[in-house]
Every structure is written in structure tokens, then in C-alpha cells.
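Enquirer: Dropping a structure here in C-alpha cells format, bear with me for questions.
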Amino acid sequence: MDNKEAANTPAAAQQDDIESDAAGGFPARRRLLTAGFAGAAASLLPWLNGTASAGTDTSTGGTEAAAPTTTIAPVKHPTAADMVLLDFAQSVELAARDLYDVAIDAGVFDAAIVPEIVAIREAHEGYATAISGLIGRQAANKPNAALVEALAGDFDGDPDSVAAAAAQLEDAAVATHIDIIGQLVGVDGSSLIASIVVIESRIATLLRAISGVEELDARLEFDTEPLSPTDYPVE
Amino acid sequence: MNQHRSTQNSSNDHDGQPLGDIAMSRRGMLRAGGITIGLAALLAACVDEVSESSPARVGEAPGPESLPAGTVTDGVLFRTLASLHYSIISAHEAAKELGELTDDQTAVVDAFIAGHRKAIATIDASTIEAGSAVWTCDNPRFDRVVVALLRDRITGRPKQGNEEADVPESDNRNRDATAMVYAMESVGASSHQSLVPQFSKPEYRAATMIQADACGRRAAALALVINPDNRINTTLTANATVSEPSVTVAVETTTTAAQNIAQPSEDGAGTGGAEAAPTIAAPQIYYAVPSQFGILSAFQLAIGAPSSGNQFTLNIETPSINSFVYDYEDSCV
């Protein structure tokens, strides 16, 4: 007989009964098994807790645990309010394109300058296309008719005056875009408009030179109010 | 068998016996296991999680000082931009000092320096508003890796470190100094532009773009001073005539020129594309309007005396993590 058999002897059973009575009726072995199982379950609590945290982290893209930053990540995509602002910016760009078309079709500039004016015209159309790509189906893709109507007369006539009017238009576009950047929440829109501003400011300086302005201060001059959607509504 | 039974009986009645003489039973195993697991669970629940990665230390030696945390805040970005304007002023002063500028060119550079001082005053106000202390001197890293290097290319110097040859003095100081001023203004514009998505508030983004606009205008004005014919990048004009059917003036359509990367480009001023190195025969050209959109790639500045027909080209980057002026930096040493 081995130890297993010894444990099942009447003496062992008697001992179980004694312990069972002392514990209020439950056999001691069962009590021990219950205690062991409860202990094992309790020991798993920290692990289960860790699993739950990881699950939460995964649901948020893992950004909370990955970067101990103290600032909130900025919004990337344009918000609904951003869409309205970007739509207005696009209408201004398309209006600029149409105004340059007026000058080109009227044959205002010398042949040597026309490719550069066309390049500026194409740049504005490119800006409108880029904005359209950002805001998608909500893009109106229409020029700002009120702006075209207000300035069309300035884009036909003496080349110097037309270049000066074009420089004013570029300044207005820059001022408008900076004003819009100050309102945009999504940084995708801000970044795009910023990449437009730095070139339009250069174009304004170039157009002043083309218009015959010689003084440096006058070429660098920039004191223009932004265009308002109230004055130039988007159709 | 009798011996085993005898042993079992003695285990149930072990009072007064040495502990080592008690035989192990199934019941005892279960009891001990349950208690052990229960205690382990109790300890696991109560213990503090400590992740101590440093090894134990012996002796009185002071512990190594850790670097302060470099948190990028709006104030840090404004401080960095202010430092960049100070560095640009230093570069402009170097151009005046070393570049053999004409009086007209000197007047232009002086006007630019005045513009940067105005910009710094505005940026300082934004820095304080953003909760940081103003920064009152150059960007240390930008000076070390850009401005000092550009000065060397103009003045020349003996070889250092593992360089194979001396840096030769510029063969045309005026050309290189004006190119350096143009590069600084262009990098100033792109630096402001590059930080737009990093600012947390829209009003700060607009504030930085006001300075980007000013830098862009100065760069364009200088390009026209260098050469009034350098108005718009020829790549743009070539492409523009292709997609514009309403143009009545006949313009040569060179549509493949901009896409043929094997062909040396006339464009030089930091367009971000694959450019051929500027040579004596085809020096770098700086345009008033170099590209359709503002680009954030490194500005490629060709400077110094040509070696084997090519000029040295330096890639000038916009500020990033390693050139930010963090809040813990509190002195201009």
C-alpha cells in the first residue's frame, strides 16, 4: 500500500469529519480547494488589470502611453467651420485666376512678361485645386463673383496700373489667408494656406517691381485689410 | 504495509514530535498551496510598482545629472523663432562685413536688419503671452552649423579635423554674400511656415505667418536686386504655358524639361528637387518666385570658390527638435 492508499484509510476519513465539524459542516478538503482557487483568482487580478489597460490603450491608438506629452495634439482635418473658411479662400483664389484672365485676354502685358503672368494665374488655380482637394465635395469650386466684379475694371488698361492692381490683389489675398489661418482649427488647412501665403507675398513684391516701383520700402509695403465674406460672399 | 499504516497513523497524531518527522499528505499539500497562493495574491495587490532601471550605487560619488525635459510649447517655438531672427541678423552683418557690398546693397541689407529687429519685438510679445521668457541672442545651433560655415566659405580658412584641404577664400565675395542674405530670408520664411502646424493656437499660427510674409517679401526684393530678370522660376513659366490654352502669345512648350531629372536644371534656389550642382558656367539662380507653393525642404545654397568646377552647396534646414530654444535654456552664453 502506498501513501495514496494511506490517505483514504478510515483514520483519514475520521480526521476529515473532525475538521469538517469544526468548520461548520464543509469538508476541510473542499474548503482548502476553495481557498486555493480564490487565492489563485486573486493573484490574477493585477494581470487582468494590466490587460484591461492595454485594451483601453489600443482603442485610443496607443498615443496616451507612447508619448508623455503635456499638450493636446492639434486637430488635423478641417472642422465644419474650417470648411466655410477654406471655401472662401478658394473663391478668392479662383477670382484671382479670373482677374488675371481678364488681363491676359485683353493683351495688357508685353509678350516677354505674359508667360510670368500666366504662371501667376496658374499658381492661383493650383491653390484653388489644392484647397478643393482638402475640403472635398463641399468645395464650391466657384470664383468669388463679387470680387471679380469689383476688380475686373482694374485689370484692363495700362500695364503698370494693372500690375499695381494685381499687387494689391495679392496683398489682399495674403491678408485674407493670414486672417483665415488665425481662425482655422485643423492644421491641415493651416499648413496648406501657409504654403500659399509665402509665395503670394513674393508675387506681390514681384508685381510691384513690374509696375515700375523702384524703392525698396515701397516694394516691401504691406498694409492691406483682409477681404471679408460679408463684402464678398461665396455663392 | 503495516509500516506505512503505522506512519500514517503517527502523522495524525504528531503532538510532541519534531517537525521534520511529519510526513507530507495530500491534505497538507492543498492547505499549504492555498495559503501560499492567497498570500501571493495579497502581496501582489499591495506592492507598489517600482520600475528602477538604474543599478545599485556604492560609495559617495554624486549621481549623474539627467538632462532637463525639453517640452515643446508655444513659448519655445516663439523663442526659437526669435533666436533665428537674431542669427539672420548676424549673417546679414557678416555679409556687410565680408561681402564687399555696394552702397545700395548695404542699404538693402540694413533695411532687412531693421525688419528683423521689428519682427523680434513682435515675437517677444508673443513669447511672453505664451508664458515663456524672451530669448535675446542667436540660435546656438544655427550659428554653429550654418552661419559660421558660411563665413568660412567667404573668408577661407585652414583645414580642420579630418578635412583633406583648406577651405579656399571666395572668388567672388559679393556674389556669395548676397546669396547668403537671400538664403537667410528664404529660410526665415520657410521656418515660420514650418512651425504653423506645431503651434497650439490659431492666433499664434497667424502671428508667425505675418513674419513669414515679411521674410518672403524681402527674399523676393533681394532676388530682383541681384538680377532684375530673375523673376519667376523658369520651370513654373514653362509648365504654365502648357495648361493654358487661352494664351494668344506663342510660347515654347518645354513640358518635359521640368520632369527630366537627368537634365541639369537652371533652377537652383531651394526648390527641393534633384538639382545639378552649380558650376562656374551655370551658377545658382535666385528667383523672386522660386516655386508655386512654399516648400519646407532644405534650402540649397551654393557658396564659395568653385572646386573642380562646382561650388560647395550647403543644405540649410528649418528649425527642429535639436535647434529649438527650450524653456530650460536661460542664458545666452
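Chain labels follow the order of the C-alpha cells: the first chain is A, the next B, and so on; residue numbering restarts at 1 in every chain, and ligands are counted from 1 in their shown order.
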If we count only C-alpha atoms and set the cut-off at 8 Å, which residues sit around Thr178 (chain B), ignoring sequence neighbours fewer than 3 positions away in its own chain? Please answer as a list in words.
Expert: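 Everything that qualifies: Ala95, Gly99, Asn174, Arg175, Val181, Tyr182 and Ile226 of chain B.
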Enquirer: Take the selection from the previous step and output its residues with N, CA and C atoms, as a PDB file, in the first residue's frame.
Expert:
ATOM      1  N   ALA B  95      27.577  89.510 -43.912  1.00  0.00           N
ATOM      2  CA  ALA B  95      27.566  89.850 -45.339  1.00  0.00           C
ATOM      3  C   ALA B  95      28.069  91.274 -45.556  1.00  0.00           C
ATOM      4  N   GLY B  99      31.335  90.982 -47.449  1.00  0.00           N
ATOM      5  CA  GLY B  99      30.848  90.781 -48.800  1.00  0.00           C
ATOM      6  C   GLY B  99      31.179  91.857 -49.809  1.00  0.00           C
ATOM      7  N   ASN B 174      31.128  89.302 -53.203  1.00  0.00           N
ATOM      8  CA  ASN B 174      29.838  89.972 -53.345  1.00  0.00           C
ATOM      9  C   ASN B 174      28.751  88.972 -53.733  1.00  0.00           C
ATOM     10  N   ARG B 175      29.081  88.114 -54.679  1.00  0.00           N
ATOM     11  CA  ARG B 175      28.107  87.100 -55.100  1.00  0.00           C
ATOM     12  C   ARG B 175      27.706  86.215 -53.923  1.00  0.00           C
ATOM     13  N   VAL B 181      22.532  86.324 -47.919  1.00  0.00           N
ATOM     14  CA  VAL B 181      21.407  87.127 -47.416  1.00  0.00           C
ATOM     15  C   VAL B 181      20.095  86.591 -47.977  1.00  0.00           C
ATOM     16  N   TYR B 182      20.102  86.250 -49.269  1.00  0.00           N
ATOM     17  CA  TYR B 182      18.891  85.690 -49.878  1.00  0.00           C
ATOM     18  C   TYR B 182      18.499  84.389 -49.183  1.00  0.00           C
ATOM     19  N   ILE B 226      19.611  91.382 -57.005  1.00  0.00           N
ATOM     20  CA  ILE B 226      20.720  90.589 -57.541  1.00  0.00           C
ATOM     21  C   ILE B 226      20.658  90.561 -59.064  1.00  0.00           C
TER      22      ILE B 226
END
Enquirer: For region 215-232 of chain A, please output as number ranges by chain all residues within 10 Å (counting only C-alpha atoms; exclusion window: fewer than 3 positions along the same chain).
Expert: A: 84-85, 88-89, 91-92, 144-148, 150, 167-180, 201-202, 204-209, 212, 235; B: 107-108, 111, 213-222, 225
Enquirer: What does the file look like for those residues with N, CA and C atoms, as a tab-separated table (two decimals), in the first residue's frame?
Expert:
chain	number	residue	atom	x	y	z
A	84	VAL	N	-16.02	76.28	-44.17
A	84	VAL	CA	-16.57	77.56	-44.64
A	84	VAL	C	-15.44	78.54	-44.96
A	85	LEU	N	-14.46	78.58	-44.06
A	85	LEU	CA	-13.32	79.50	-44.26
A	85	LEU	C	-12.52	79.10	-45.50
A	88	PHE	N	-14.18	80.01	-48.69
A	88	PHE	CA	-13.99	81.42	-49.02
A	88	PHE	C	-12.60	81.66	-49.61
A	89	ALA	N	-11.60	81.04	-48.99
A	89	ALA	CA	-10.24	81.18	-49.51
A	89	ALA	C	-10.16	80.68	-50.95
A	91	SER	N	-12.58	80.61	-53.11
A	91	SER	CA	-13.29	81.54	-54.00
A	91	SER	C	-12.42	82.75	-54.34
A	92	VAL	N	-11.60	83.18	-53.39
A	92	VAL	CA	-10.69	84.29	-53.65
A	92	VAL	C	-9.63	83.88	-54.67
A	144	ASN	N	-15.12	83.95	-56.67
A	144	ASN	CA	-15.89	84.92	-55.91
A	144	ASN	C	-16.37	86.00	-56.88
A	145	ALA	N	-17.62	85.90	-57.26
A	145	ALA	CA	-18.15	86.77	-58.31
A	145	ALA	C	-18.11	88.24	-57.91
A	146	ALA	N	-18.39	88.51	-56.64
A	146	ALA	CA	-18.39	89.90	-56.18
A	146	ALA	C	-17.00	90.51	-56.29
A	147	LEU	N	-15.99	89.71	-55.98
A	147	LEU	CA	-14.62	90.22	-56.07
A	147	LEU	C	-14.21	90.45	-57.52
A	148	VAL	N	-14.58	89.52	-58.38
A	148	VAL	CA	-14.25	89.68	-59.81
A	148	VAL	C	-14.94	90.92	-60.36
A	150	ALA	N	-15.87	93.54	-58.75
A	150	ALA	CA	-15.34	94.78	-58.17
A	150	ALA	C	-14.00	95.18	-58.78
A	167	ALA	N	-0.83	93.57	-57.72
A	167	ALA	CA	-0.09	93.52	-56.45
A	167	ALA	C	-1.03	93.76	-55.28
A	168	GLN	N	-1.95	94.69	-55.45
A	168	GLN	CA	-2.94	94.94	-54.39
A	168	GLN	C	-3.80	93.70	-54.15
A	169	LEU	N	-4.15	93.03	-55.25
A	169	LEU	CA	-4.95	91.81	-55.12
A	169	LEU	C	-4.17	90.74	-54.35
A	170	GLU	N	-2.88	90.61	-54.67
A	170	GLU	CA	-2.06	89.62	-53.96
A	170	GLU	C	-1.96	89.97	-52.48
A	171	ASP	N	-1.78	91.26	-52.20
A	171	ASP	CA	-1.73	91.67	-50.80
A	171	ASP	C	-3.03	91.32	-50.07
A	172	ALA	N	-4.14	91.58	-50.76
A	172	ALA	CA	-5.43	91.28	-50.15
A	172	ALA	C	-5.58	89.78	-49.90
A	173	ALA	N	-5.09	88.99	-50.86
A	173	ALA	CA	-5.16	87.54	-50.68
A	173	ALA	C	-4.29	87.09	-49.50
A	174	VAL	N	-3.10	87.69	-49.39
A	174	VAL	CA	-2.22	87.34	-48.26
A	174	VAL	C	-2.88	87.70	-46.94
A	175	ALA	N	-3.41	88.92	-46.86
A	175	ALA	CA	-4.05	89.36	-45.61
A	175	ALA	C	-5.24	88.47	-45.27
A	176	THR	N	-6.00	88.11	-46.30
A	176	THR	CA	-7.16	87.25	-46.07
A	176	THR	C	-6.74	85.87	-45.57
A	177	HIS	N	-5.72	85.34	-46.19
A	177	HIS	CA	-5.27	83.99	-45.80
A	177	HIS	C	-4.69	83.98	-44.38
A	178	ILE	N	-3.93	85.02	-44.04
A	178	ILE	CA	-3.39	85.06	-42.67
A	178	ILE	C	-4.53	85.17	-41.67
A	179	ASP	N	-5.54	85.97	-42.03
A	179	ASP	CA	-6.71	86.09	-41.15
A	179	ASP	C	-7.41	84.74	-41.01
A	180	ILE	N	-7.48	84.01	-42.10
A	180	ILE	CA	-8.12	82.69	-42.06
A	180	ILE	C	-7.29	81.71	-41.23
A	201	SER	N	3.05	86.43	-51.18
A	201	SER	CA	3.75	87.63	-50.73
A	201	SER	C	4.91	87.95	-51.67
A	202	ARG	N	5.60	86.92	-52.14
A	202	ARG	CA	6.69	87.13	-53.11
A	202	ARG	C	6.12	87.65	-54.44
A	204	ALA	N	3.49	89.44	-54.85
A	204	ALA	CA	3.12	90.85	-54.67
A	204	ALA	C	4.33	91.75	-54.86
A	205	THR	N	5.46	91.35	-54.27
A	205	THR	CA	6.69	92.15	-54.42
A	205	THR	C	7.13	92.19	-55.88
A	206	LEU	N	7.05	91.05	-56.55
A	206	LEU	CA	7.43	91.00	-57.96
A	206	LEU	C	6.53	91.91	-58.80
A	207	LEU	N	5.24	91.86	-58.54
A	207	LEU	CA	4.32	92.68	-59.33
A	207	LEU	C	4.55	94.17	-59.11
A	208	ARG	N	4.96	94.56	-57.91
A	208	ARG	CA	5.29	95.96	-57.67
A	208	ARG	C	6.49	96.36	-58.51
A	209	ALA	N	7.46	95.44	-58.61
A	209	ALA	CA	8.62	95.73	-59.45
A	209	ALA	C	8.20	95.86	-60.91
A	212	GLY	N	6.75	99.10	-61.91
A	212	GLY	CA	7.64	100.25	-62.00
A	212	GLY	C	8.08	100.81	-60.66
A	235	GLU	N	-20.78	82.19	-53.41
A	235	GLU	CA	-22.08	81.79	-53.97
A	235	GLU	C	-22.38	80.34	-53.62
B	107	ALA	N	22.45	99.30	-48.12
B	107	ALA	CA	21.19	99.91	-47.68
B	107	ALA	C	20.07	98.87	-47.64
B	108	VAL	N	20.08	97.98	-48.61
B	108	VAL	CA	19.07	96.91	-48.63
B	108	VAL	C	19.23	96.01	-47.41
B	111	ALA	N	18.10	97.67	-44.28
B	111	ALA	CA	16.63	97.66	-44.18
B	111	ALA	C	16.13	96.29	-43.73
B	213	ASP	N	5.51	86.12	-44.14
B	213	ASP	CA	5.20	87.02	-45.26
B	213	ASP	C	6.30	88.07	-45.43
B	214	ALA	N	6.72	88.66	-44.33
B	214	ALA	CA	7.75	89.72	-44.42
B	214	ALA	C	9.07	89.16	-44.96
B	215	CYS	N	9.45	87.98	-44.47
B	215	CYS	CA	10.70	87.36	-44.95
B	215	CYS	C	10.60	87.03	-46.44
B	216	GLY	N	9.45	86.54	-46.86
B	216	GLY	CA	9.27	86.21	-48.28
B	216	GLY	C	9.38	87.43	-49.16
B	217	ARG	N	8.80	88.53	-48.70
B	217	ARG	CA	8.89	89.77	-49.49
B	217	ARG	C	10.34	90.24	-49.59
B	218	ARG	N	11.06	90.14	-48.49
B	218	ARG	CA	12.46	90.58	-48.52
B	218	ARG	C	13.28	89.70	-49.47
B	219	ALA	N	13.03	88.39	-49.43
B	219	ALA	CA	13.77	87.49	-50.32
B	219	ALA	C	13.49	87.82	-51.78
B	220	ALA	N	12.23	88.08	-52.08
B	220	ALA	CA	11.87	88.41	-53.46
B	220	ALA	C	12.51	89.73	-53.89
B	221	ALA	N	12.48	90.70	-53.00
B	221	ALA	CA	13.07	92.01	-53.33
B	221	ALA	C	14.57	91.86	-53.59
B	222	LEU	N	15.25	91.05	-52.78
B	222	LEU	CA	16.69	90.89	-52.96
B	222	LEU	C	17.00	90.13	-54.25
B	225	VAL	N	17.11	92.56	-56.80
B	225	VAL	CA	18.30	93.40	-56.71
B	225	VAL	C	19.49	92.67	-57.31
Enquirer: Which residues of chain B are close to chain A, meaning at most 7 Å apart when you count only C-alpha atoms, and how do they look as an NGL selection string?
Expert: :B and (1 or 5 or 8 or 27 or 30-31 or 33-35 or 37-38 or 40-41 or 44-45 or 189 or 193 or 196-197 or 200 or 202-203 or 205-206 or 209 or 212-213 or 216-218 or 220-221 or 231-232 or 236-237 or 240-241 or 249 or 288-289 or 292-295)
Enquirer: Give me the residues near Ser87 (chain B) as a list in words, where near means some atom within 9 Å (using only C-alpha atoms) and where sequence neighbours in that chain fewer than 2 positions away do not count.
Expert: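 The contact residues come out as Ala82, Ser83, Leu84, His85, Ile89, Ser90, Ala91, His92, Cys137, Asp138, Asn139, Pro140, Phe142, Asp143, Val147 and Met184 of chain B.
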